[in-house]
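Here's the structure, in structure tokens; my notes come after.
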Amino acid sequence: MPYVVPLPEARDVGRFGSKAAQLAALCSVPEVQVPPGFAVAAEAFDATVKQALPAPQWPERLLLGDPRDRRPDRLEAIRQRVLGARLAPGLEDELVRAWGALGVASVAVRSSALHEDSEGATAAGLQETILGVTGPEALVEAVLRCYASLWRERAISYLARLGPSAGRLAVALVVQRLVHADAAGVLFTVDPVRHAPGVMVVEAAVGLGTSVVDGALSPDVFRLEGATGVVLQRQVGDKPEAVRPRAQGGTERVSLDGEARTRPAVDDRQLGALASLGRAIEAQAGAPRDIEWAFEGERLWALQARPVVGLSALGGSDRARHVWSNVNVGEALPGVATPFTWSIAATFSELGFRRAFGALGCTVPPEAELVGCFHGRIYLNLTWFLRIASQVPLLDARMLLEFGGGGGLEEVEAQVPKGAWGTFLARLPATGARYLSENTGIDRKVEAFERAFQEAREALEARDLGALSDAALREILTEQRALLDRTGVMMLTCASGYLASVVGLRSLLRFAVRGDAERFERELLAGVNDLESAAPGIRLFHLAQLARTDPAAREAILAGDPATLRLTDLPEGPTRKAFGTFLKAFGYRCPREAELSTPRWREAPGVLFAALRAHLERDDAAALERVERQHQARAAAERELSARIPWAARAALRHLLARMQRFARLRERMRARVTEVLGFLRTVALEAGQRLSRRFPEAGPDGVFMLSLEELDRWLTGSMESPVALIVARRAQFQRDLGRPDPPPTFVGAPPTASLSQIPEGDRWEGVVACPGVVEGVVRVLRDPSDGALLRAGEVLVTPVTDVGWTPLFLVAAAVVTELGGALSHAALVAREYGVPTVVSVQGITRALHTGDRVQVDANQGVIVRLERAPAGHG
């Protein structure tokens with residue numbers, strides 16, 4: 001039986017995979033044009049691999065074997081071995097004959113692996129696609145590259161997570177004439193985000209469609225009426241470049257200038273043709289499809305079609321219906337995490353959440369997957385979270401999503417059992433005793449911990465890391481990892497105490513004051529004195545006041561570029577001394593402070609100088625007056641509530657409020673210590689990185705952050721000779737992830753194959769109240785705090801996400817609006833301490849609003865209304 005057959009004959013899914021079989025079926029549909037080509041059966045992969053690798057390295061055996069054999073450096077070694085292998089006997093001859101029969105100048109080689117394109121998971125992007133292959137020799141090389149890509153770290157991790165449901169692990173291939181596309185992209189025959197019936201979604205870019213499928217740019221997005229192709233909504237992206245075939249083979253990125261960047265990649269007539277194509281393919285398949293397409297002149301080609309992942313109506317595995325969200329966790333680690341950071345954050349988060357649930361008396365199944373990584377971004381599995389939390393009375397899904405932020409409530413509620421409290425109640429005596437033990441004398445325990453922490457801090461500062469041997473540096477790394485674990489346990493205890501206090505307060509308010517419960521909750525959660533995370537902003541405000549009396553320092557701050565100013569740029573005097581003291585106290589903080597590759601404030605104080613400059617440009621004493629008003633409002637709310645509840649309950653109320661405020665302070669204090677330990681780990685990693693780049697210059701200055709913590713540990717012990725190949729592969733993946741638009745904040749099963757960056761419609765948006773108040777002002781959209789110098793006092797700060805590293809700008813702003821975050825997030829606590837009206841979890845708001853728009857932020861109701869649009873050319 002031949003390995004290679006013409007594409008229309010590749011209908012056997014067991015031999016040629018779902019992708020090839022679906023294309024073969026489409027070849028017989030009159031309304032669909034498929035580029036000519038051929039398919040390579042999975043047996044060719046099996047035969048090639050079995051003659052090139054020992055049996056333990058065959059894919060299915062590797063996944064069933066010792067996890068240590070799946071370490072990234074070992075996978076990279078296997079991949080290199082496959083790249084240098086000989087093809088199965090007879091396969092090369094068949095490929096040469098098929099190439100000659102096809103009679104084209106160049107082809108695209110794509111995987112049609114047997115584990116791809118299922119209803120539950122596409123496994124899209126796991127295997128490499130090679131475009132612009134010219135000649136038989138290049139074709140042989142491309143086949144081996146596709147085969148070898150199965151051993152890439154991300155592919156093996158994905159397949160290991162799927163387990164037996166992944167099916168047979170073998171790679172069939174599709175080889176087709178390369179379409180020289182004028183425009184290309186993706187068509188969903190059902191809206192994969194909104195699940196709106198009768199609506200199709202098109203994403204389009206100029207040139208080849210790889211930039212859309214890989215998420216390398218923000219494409220044009222069109223929502224169409226499926227039956228007619230009428231355009232319901234259009235969003236034209238800024239397309240700075242296009243991917244084009246090169247005459248000598250491969251592809252290249254070509255810059256687009258002027259009108260070409262912003263002109264739609266397809267017109268309405270072509271969108272109508274795409275709708276017709278979608279209807280024809282969906283009718284043939286009998287289900288919604290995710291279609292890759294390309295226009296070559298007037299001809300519309302269908303390049304592939306697969307199931308749309310994440311539609312709960314399609315059924316599939318239980319995991320395929322899980323709801324994932326980064327609305328809350330994205331505040332701590334927004335954007336793409338480096339491998340070094342992810343290796344620490346994933347373990348820290350997974351272990352911390354399991355401990356937290358265990359402390360509540362919950363049973364956490366071993367198979368529960370609480371944390372996941374999608375396109376390099378961290379997400380929480382809301383389905384598992386709320387299934388576990390449902391074991392606790394009073395912890396309902398709606399309340400937890402409100403506290404933490406996130407969507408998908410209806411999908412989650414359908415997957416969460418109701419009232420499964422038996423095990424929890426049986427364990428309640430032991431859980432209660434443990435809770436009392438952990439929380440009794442918590443202030444004393446924290447003080448003891450702080451003393452031990454100070455000793456650890458001083459011990460590290462006293463060490464000359466550059467003088468240590470690799471083995472000694474590795475010991476320091478191990479010590480800091482253990483310190484992070486101990487600090488995390490203490491933070492968890494304080495965070496659990498805070499959450500329990502807030503839940504208790506909400507229950508009391510609903511019983512005692514009913515209709516006024518929401519107002520009282522907002523006022524009582526605000527104005528907590530001495531929050532450590534709020535201290536930097538207040539200290540900076542006072543520092544600006546000092547700089548007003550120090551003319552030389554004031555001039556240096558106002559005249560300098562905040563992005564490049566450093567402590568040494570300030571003239572000697574009281575301001576420089578005070579700023580040095582500030583950095584000593586808070587220099588370990590920064591934006592994205594959970595990302596260890598991010599410079600700390602002491603290394604890059606740009607956001608601090610931006611806040612100082614904004615304060616100096618406008619003497620706004622009202623900023624601190626707002627802080628004082630928060631304290632007064634909380635005290636007034638306490639008095640009013642005490643007067644309205646029965647006399648016998650007042651002592652309990654005072655105890656509950658005091659407990660909540662104490663745990664709020666302790667939670668922020670311990671969160672600060674966690675951030676400080678992350679800074680310690682960064683310090684050690686930077687020293688290891690210098691050694692790595694000295695010995696392997698090709699690893700680059702950031703090479704250490706492309707390794708996991710375990711891999712760095714092994715390199716320092718000498719058990720990994722050269723990590724360069726691994727670093728190069730990881731950096732390439734990291735850059736690809738950086739180039740992708742962010743997946744939706746909440747999705748079901750898996751992110752859409754292409755990111756649908758839809759702009760919220762209209763002039764009114766809703767989110768979650770973090771700090772009440774009503775403000776009108778001009779919008780300033782910032783996506784990075786390094787641009788903080790653009791913010792002017794009194795503007796409304798609109799950002800994708802904020803963490804404590806952003807908070808120096810809060811006292812500058814009149815209000816804050818973010819796309820991510822929850823009511824109990826760290827930034828929300830700081831906003832309440834400052835009295836800055838804040839609304840969080842307003843999805844897509846940074847795309848809906850523009851700098852210069854005038855808005856009303858009603859943070860009493862969680863509503864933002866655009867009053868005026870920015871003048872043309874503003875901002």
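Each chain in the structure tokens gets a letter, A, B, ..., in the order shown, and its residues are numbered from 1; ligands are numbered from 1 in order too.
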
List every residue of stretch 56-148 of chain A that DSSP, applied to the backbone of this structure, places in strand (DSSP E or B), and write the result as a count of residues only. 9

Excluding A:Asp69 and any residue of its chain fewer than 4 positions from it, enumerate the residues within 12 Å of it, using only C-alpha atoms, and give them as a list of chain:residue names. A:Pro56, A:Gln57, A:Trp58, A:Pro59, A:Arg61, A:Leu62, A:Leu63, A:Leu64, A:Gly65, A:Asp73, A:Arg74, A:Leu75, A:Glu76, A:Ala77, A:Ile78, A:Trp151, A:Glu153, A:Ile156

Rounded to one decimal, what separation in Å do you get between atom CA of A:Gly573 and atom CA of A:Ala621? 23.8 Å

Quick one: everything within 10 Å of A:Pro36, counting only C-alpha atoms, minus sequence neighbours fewer than 6 positions away in the same chain. Send it as a ChimeraX atom specification. /A:6-8,27,102,104,107,175-178

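From atom CA of A:Val336 back to atom CA of A:Arg377, the distance works out to 4.9 Å.
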
If you run DSSP over the backbone, which residues in stretch 765-832 of chain A end up alpha helix (DSSP H)? Put them as an mmCIF file with all heavy atoms, in the first residue's frame.
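Below is the file that was written, selection06.cif:
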```
data_model
loop_
_atom_site.group_PDB
_atom_site.id
_atom_site.type_symbol
_atom_site.label_atom_id
_atom_site.label_comp_id
_atom_site.auth_asym_id
_atom_site.auth_seq_id
_atom_site.Cartn_x
_atom_site.Cartn_y
_atom_site.Cartn_z
ATOM 1 N N HIS A 826 -5.795 43.142 44.525
ATOM 2 C CA HIS A 826 -4.882 44.021 45.257
ATOM 3 C C HIS A 826 -5.008 45.462 44.782
ATOM 4 O O HIS A 826 -5.031 46.399 45.584
ATOM 5 C CB HIS A 826 -3.443 43.525 45.102
ATOM 6 C CG HIS A 826 -3.243 42.152 45.630
ATOM 7 N ND1 HIS A 826 -3.033 41.887 46.961
ATOM 8 C CD2 HIS A 826 -3.267 40.940 45.016
ATOM 9 C CE1 HIS A 826 -2.912 40.578 47.136
ATOM 10 N NE2 HIS A 826 -3.053 39.994 45.975
ATOM 11 N N ALA A 827 -5.106 45.663 43.463
ATOM 12 C CA ALA A 827 -5.247 47.016 42.944
ATOM 13 C C ALA A 827 -6.575 47.631 43.375
ATOM 14 O O ALA A 827 -6.663 48.840 43.618
ATOM 15 C CB ALA A 827 -5.136 47.008 41.421
ATOM 16 N N ALA A 828 -7.628 46.811 43.486
ATOM 17 C CA ALA A 828 -8.926 47.324 43.937
ATOM 18 C C ALA A 828 -8.833 47.806 45.380
ATOM 19 O O ALA A 828 -9.412 48.838 45.750
ATOM 20 C CB ALA A 828 -9.992 46.242 43.798
ATOM 21 N N LEU A 829 -8.104 47.075 46.214
ATOM 22 C CA LEU A 829 -7.919 47.508 47.595
ATOM 23 C C LEU A 829 -7.201 48.853 47.658
ATOM 24 O O LEU A 829 -7.572 49.730 48.447
ATOM 25 C CB LEU A 829 -7.128 46.460 48.388
ATOM 26 C CG LEU A 829 -7.955 45.548 49.301
ATOM 27 C CD1 LEU A 829 -8.831 44.622 48.476
ATOM 28 C CD2 LEU A 829 -7.038 44.734 50.215
ATOM 29 N N VAL A 830 -6.199 49.015 46.823
ATOM 30 C CA VAL A 830 -5.456 50.281 46.816
ATOM 31 C C VAL A 830 -6.366 51.418 46.340
ATOM 32 O O VAL A 830 -6.345 52.517 46.902
ATOM 33 C CB VAL A 830 -4.208 50.174 45.926
ATOM 34 C CG1 VAL A 830 -3.507 51.517 45.820
ATOM 35 C CG2 VAL A 830 -3.248 49.125 46.491
ATOM 36 N N ALA A 831 -7.155 51.152 45.297
ATOM 37 C CA ALA A 831 -8.068 52.188 44.797
ATOM 38 C C ALA A 831 -9.027 52.629 45.902
ATOM 39 O O ALA A 831 -9.320 53.829 46.045
ATOM 40 C CB ALA A 831 -8.847 51.655 43.591
ATOM 41 N N ARG A 832 -9.527 51.673 46.676
ATOM 42 C CA ARG A 832 -10.435 52.041 47.769
ATOM 43 C C ARG A 832 -9.712 52.823 48.853
ATOM 44 O O ARG A 832 -10.276 53.731 49.463
ATOM 45 C CB ARG A 832 -11.089 50.779 48.343
ATOM 46 C CG ARG A 832 -12.140 50.180 47.438
ATOM 47 C CD ARG A 832 -12.990 49.156 48.160
ATOM 48 N NE ARG A 832 -12.286 47.925 48.435
ATOM 49 C CZ ARG A 832 -12.218 46.893 47.601
ATOM 50 N NH1 ARG A 832 -12.809 46.957 46.414
ATOM 51 N NH2 ARG A 832 -11.564 45.810 47.926
#
```

So which one's closest to A:Gln733, A:Arg154, A:Arg539, A:Arg854, A:His631? Using only C-alpha atoms, please.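 The shortest atom-to-atom distance to A:Gln733 comes from A:Arg154.
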
Check the smallest atom-to-atom distance from each of A:Arg71, A:His850, A:Arg613, A:Arg682 to A:Glu595 using only C-alpha atoms, then report the winner.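 Ranked by minimum distance to A:Glu595, first place goes to A:Arg682.
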
For A:Asp787, which of A:Leu370, A:Val855, A:Leu187, A:Leu809 is the closest residue, counting only C-alpha atoms? A:Leu809

Just the number, please: distance in Å from atom CA of A:Ala633 to atom CA of A:Gln856, one decimal.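 These two atoms are separated by 22.3 Å.
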
Do you know which residues are at most 6 Å from stretch 581-592 of chain A counting only C-alpha atoms, after dropping those on the same chain fewer than 6 positions away, and could you put them as a list of chain:residue names? A:Leu333, A:Arg600, A:Trp601, A:Arg602, A:Glu676, A:Gly805, A:Trp806

Taking N, CA, C and O atoms for each residue, export the selection above as a PDB file, in the first residue's frame.
```pdb
ATOM      1  N   LEU A 333      -0.215  38.607  36.784  1.00  0.00           N
ATOM      2  CA  LEU A 333       0.718  38.214  35.730  1.00  0.00           C
ATOM      3  C   LEU A 333       0.053  38.423  34.375  1.00  0.00           C
ATOM      4  O   LEU A 333      -0.332  37.475  33.699  1.00  0.00           O
ATOM      5  N   ARG A 600      12.801  45.772  38.417  1.00  0.00           N
ATOM      6  CA  ARG A 600      12.113  46.330  39.583  1.00  0.00           C
ATOM      7  C   ARG A 600      12.232  47.857  39.571  1.00  0.00           C
ATOM      8  O   ARG A 600      13.035  48.430  38.844  1.00  0.00           O
ATOM      9  N   TRP A 601      11.452  48.502  40.421  1.00  0.00           N
ATOM     10  CA  TRP A 601      11.508  49.973  40.486  1.00  0.00           C
ATOM     11  C   TRP A 601      12.918  50.480  40.743  1.00  0.00           C
ATOM     12  O   TRP A 601      13.325  51.511  40.210  1.00  0.00           O
ATOM     13  N   ARG A 602      13.683  49.766  41.561  1.00  0.00           N
ATOM     14  CA  ARG A 602      15.035  50.259  41.856  1.00  0.00           C
ATOM     15  C   ARG A 602      15.914  50.203  40.607  1.00  0.00           C
ATOM     16  O   ARG A 602      16.896  50.942  40.504  1.00  0.00           O
ATOM     17  N   GLU A 676       8.702  40.552  47.187  1.00  0.00           N
ATOM     18  CA  GLU A 676      10.109  40.754  47.522  1.00  0.00           C
ATOM     19  C   GLU A 676      10.917  39.484  47.271  1.00  0.00           C
ATOM     20  O   GLU A 676      12.046  39.536  46.751  1.00  0.00           O
ATOM     21  N   GLY A 805       2.177  47.748  40.853  1.00  0.00           N
ATOM     22  CA  GLY A 805       3.175  48.556  40.166  1.00  0.00           C
ATOM     23  C   GLY A 805       2.605  49.748  39.430  1.00  0.00           C
ATOM     24  O   GLY A 805       3.327  50.693  39.113  1.00  0.00           O
ATOM     25  N   TRP A 806       1.304  49.735  39.146  1.00  0.00           N
ATOM     26  CA  TRP A 806       0.655  50.868  38.501  1.00  0.00           C
ATOM     27  C   TRP A 806       0.187  51.912  39.507  1.00  0.00           C
ATOM     28  O   TRP A 806      -0.105  53.054  39.139  1.00  0.00           O
TER      29      TRP A 806
END
```

10 Å contact set for A:Gln127, only C-alpha atoms, chain neighbours under 3 positions out, as number ranges by chain: A: 110-113, 116, 123-124, 130, 145-152, 154-155, 171

For the selection just defined, write its residues with N, CA and C atoms to a file, as a PDB file, in the first residue's frame.
```
ATOM      1  N   ARG A 110       1.741  20.656   5.500  1.00  0.00           N
ATOM      2  CA  ARG A 110       1.028  20.808   6.759  1.00  0.00           C
ATOM      3  C   ARG A 110       0.798  19.445   7.404  1.00  0.00           C
ATOM      4  N   SER A 111       0.765  19.456   8.724  1.00  0.00           N
ATOM      5  CA  SER A 111       0.453  18.240   9.460  1.00  0.00           C
ATOM      6  C   SER A 111      -1.026  17.908   9.334  1.00  0.00           C
ATOM      7  N   SER A 112      -1.315  16.632   9.252  1.00  0.00           N
ATOM      8  CA  SER A 112      -2.685  16.124   9.396  1.00  0.00           C
ATOM      9  C   SER A 112      -2.633  14.979  10.397  1.00  0.00           C
ATOM     10  N   ALA A 113      -2.073  15.280  11.559  1.00  0.00           N
ATOM     11  CA  ALA A 113      -1.835  14.245  12.571  1.00  0.00           C
ATOM     12  C   ALA A 113      -3.145  13.580  12.988  1.00  0.00           C
ATOM     13  N   GLU A 116      -5.152  15.364  15.676  1.00  0.00           N
ATOM     14  CA  GLU A 116      -5.580  16.746  15.421  1.00  0.00           C
ATOM     15  C   GLU A 116      -7.050  16.816  15.019  1.00  0.00           C
ATOM     16  N   ALA A 123      -5.826  20.658  18.638  1.00  0.00           N
ATOM     17  CA  ALA A 123      -4.362  20.527  18.681  1.00  0.00           C
ATOM     18  C   ALA A 123      -3.728  21.423  17.624  1.00  0.00           C
ATOM     19  N   ALA A 124      -4.412  22.520  17.303  1.00  0.00           N
ATOM     20  CA  ALA A 124      -3.934  23.403  16.245  1.00  0.00           C
ATOM     21  C   ALA A 124      -2.602  24.024  16.634  1.00  0.00           C
ATOM     22  N   ILE A 130       5.193  24.279   6.984  1.00  0.00           N
ATOM     23  CA  ILE A 130       6.288  24.843   6.195  1.00  0.00           C
ATOM     24  C   ILE A 130       5.710  25.329   4.871  1.00  0.00           C
ATOM     25  N   ARG A 145      10.911  17.987   9.191  1.00  0.00           N
ATOM     26  CA  ARG A 145      10.625  19.063  10.146  1.00  0.00           C
ATOM     27  C   ARG A 145       9.234  18.903  10.737  1.00  0.00           C
ATOM     28  N   CYS A 146       8.265  18.549   9.924  1.00  0.00           N
ATOM     29  CA  CYS A 146       6.911  18.311  10.444  1.00  0.00           C
ATOM     30  C   CYS A 146       6.909  17.145  11.424  1.00  0.00           C
ATOM     31  N   TYR A 147       7.581  16.064  11.059  1.00  0.00           N
ATOM     32  CA  TYR A 147       7.647  14.921  11.966  1.00  0.00           C
ATOM     33  C   TYR A 147       8.298  15.312  13.298  1.00  0.00           C
ATOM     34  N   ALA A 148       9.448  16.001  13.213  1.00  0.00           N
ATOM     35  CA  ALA A 148      10.211  16.328  14.418  1.00  0.00           C
ATOM     36  C   ALA A 148       9.453  17.273  15.340  1.00  0.00           C
ATOM     37  N   SER A 149       8.556  18.084  14.769  1.00  0.00           N
ATOM     38  CA  SER A 149       7.852  19.060  15.606  1.00  0.00           C
ATOM     39  C   SER A 149       6.914  18.406  16.612  1.00  0.00           C
ATOM     40  N   LEU A 150       6.604  17.128  16.454  1.00  0.00           N
ATOM     41  CA  LEU A 150       5.794  16.443  17.465  1.00  0.00           C
ATOM     42  C   LEU A 150       6.516  16.395  18.805  1.00  0.00           C
ATOM     43  N   TRP A 151       7.846  16.482  18.809  1.00  0.00           N
ATOM     44  CA  TRP A 151       8.612  16.419  20.060  1.00  0.00           C
ATOM     45  C   TRP A 151       8.906  17.813  20.618  1.00  0.00           C
ATOM     46  N   ARG A 152       8.276  18.824  20.074  1.00  0.00           N
ATOM     47  CA  ARG A 152       8.418  20.146  20.685  1.00  0.00           C
ATOM     48  C   ARG A 152       7.762  20.120  22.063  1.00  0.00           C
ATOM     49  N   ARG A 154       5.863  22.148  23.760  1.00  0.00           N
ATOM     50  CA  ARG A 154       4.452  22.497  23.904  1.00  0.00           C
ATOM     51  C   ARG A 154       3.562  21.370  23.395  1.00  0.00           C
ATOM     52  N   ALA A 155       3.964  20.708  22.315  1.00  0.00           N
ATOM     53  CA  ALA A 155       3.158  19.616  21.770  1.00  0.00           C
ATOM     54  C   ALA A 155       3.075  18.453  22.750  1.00  0.00           C
ATOM     55  N   VAL A 171       1.774  11.234  12.712  1.00  0.00           N
ATOM     56  CA  VAL A 171       1.651  12.435  11.886  1.00  0.00           C
ATOM     57  C   VAL A 171       1.506  12.047  10.422  1.00  0.00           C
TER      58      VAL A 171
END
```

For A:Ser825, the nearest of the candidates A:Ser533, A:Thr363, A:Thr683, A:Ser276, counting only C-alpha atoms: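 Using only C-alpha atoms, the shortest distance to A:Ser825 belongs to A:Ser533.
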
Select, from A:Arg506, A:Arg306, A:His615, A:Arg81, the residue with the minimum atom-to-atom distance to A:Leu657, counting only C-alpha atoms.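 Going through A:Arg506, A:Arg306, A:His615, A:Arg81 one by one, the smallest distance to A:Leu657 is for A:Arg506.
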
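Distance annotation: of A:Leu782, A:Gly198, A:Gly821, A:Val684, the residue with the minimal separation from A:Leu465 is A:Val684; atom set is only C-alpha atoms.
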
Residue neighbourhood A:Leu656, 9 Å, only C-alpha atoms, exclusion window fewer than 2 positions, as a list in words: Ser501, Val502, Gly504, Leu505, Ala651, Ala652, Leu653, Arg654, Ala658, Arg659, Met660 and Gln661 of chain A

Same residues, N, CA and C atoms, saved as a compact mmCIF listing (two decimals), in the first residue's frame:
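Contents of out21.txt, freshly written:
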```
# COMPACT_ATOMS: atom_id res chain seq x y z
N SER A 501 -13.77 36.76 56.20
CA SER A 501 -14.35 37.94 56.86
C SER A 501 -15.30 38.67 55.92
N VAL A 502 -14.92 38.80 54.64
CA VAL A 502 -15.78 39.49 53.68
C VAL A 502 -17.06 38.71 53.43
N GLY A 504 -18.44 36.66 55.53
CA GLY A 504 -19.24 36.83 56.74
C GLY A 504 -19.93 38.17 56.80
N LEU A 505 -19.21 39.24 56.41
CA LEU A 505 -19.81 40.57 56.40
C LEU A 505 -20.96 40.64 55.41
N ALA A 651 -21.54 43.85 69.16
CA ALA A 651 -20.19 43.39 69.51
C ALA A 651 -19.65 42.46 68.42
N ALA A 652 -20.54 41.59 67.91
CA ALA A 652 -20.11 40.69 66.84
C ALA A 652 -19.73 41.48 65.59
N LEU A 653 -20.50 42.55 65.30
CA LEU A 653 -20.18 43.38 64.14
C LEU A 653 -18.82 44.04 64.30
N ARG A 654 -18.56 44.62 65.47
CA ARG A 654 -17.26 45.27 65.70
C ARG A 654 -16.12 44.27 65.53
N ALA A 658 -13.26 44.58 62.62
CA ALA A 658 -11.86 44.67 63.03
C ALA A 658 -11.05 43.52 62.42
N ARG A 659 -11.67 42.35 62.38
CA ARG A 659 -10.99 41.18 61.81
C ARG A 659 -10.77 41.38 60.30
N MET A 660 -11.78 41.88 59.62
CA MET A 660 -11.66 42.09 58.18
C MET A 660 -10.55 43.09 57.86
N GLN A 661 -10.50 44.19 58.61
CA GLN A 661 -9.48 45.21 58.36
C GLN A 661 -8.09 44.69 58.71
```
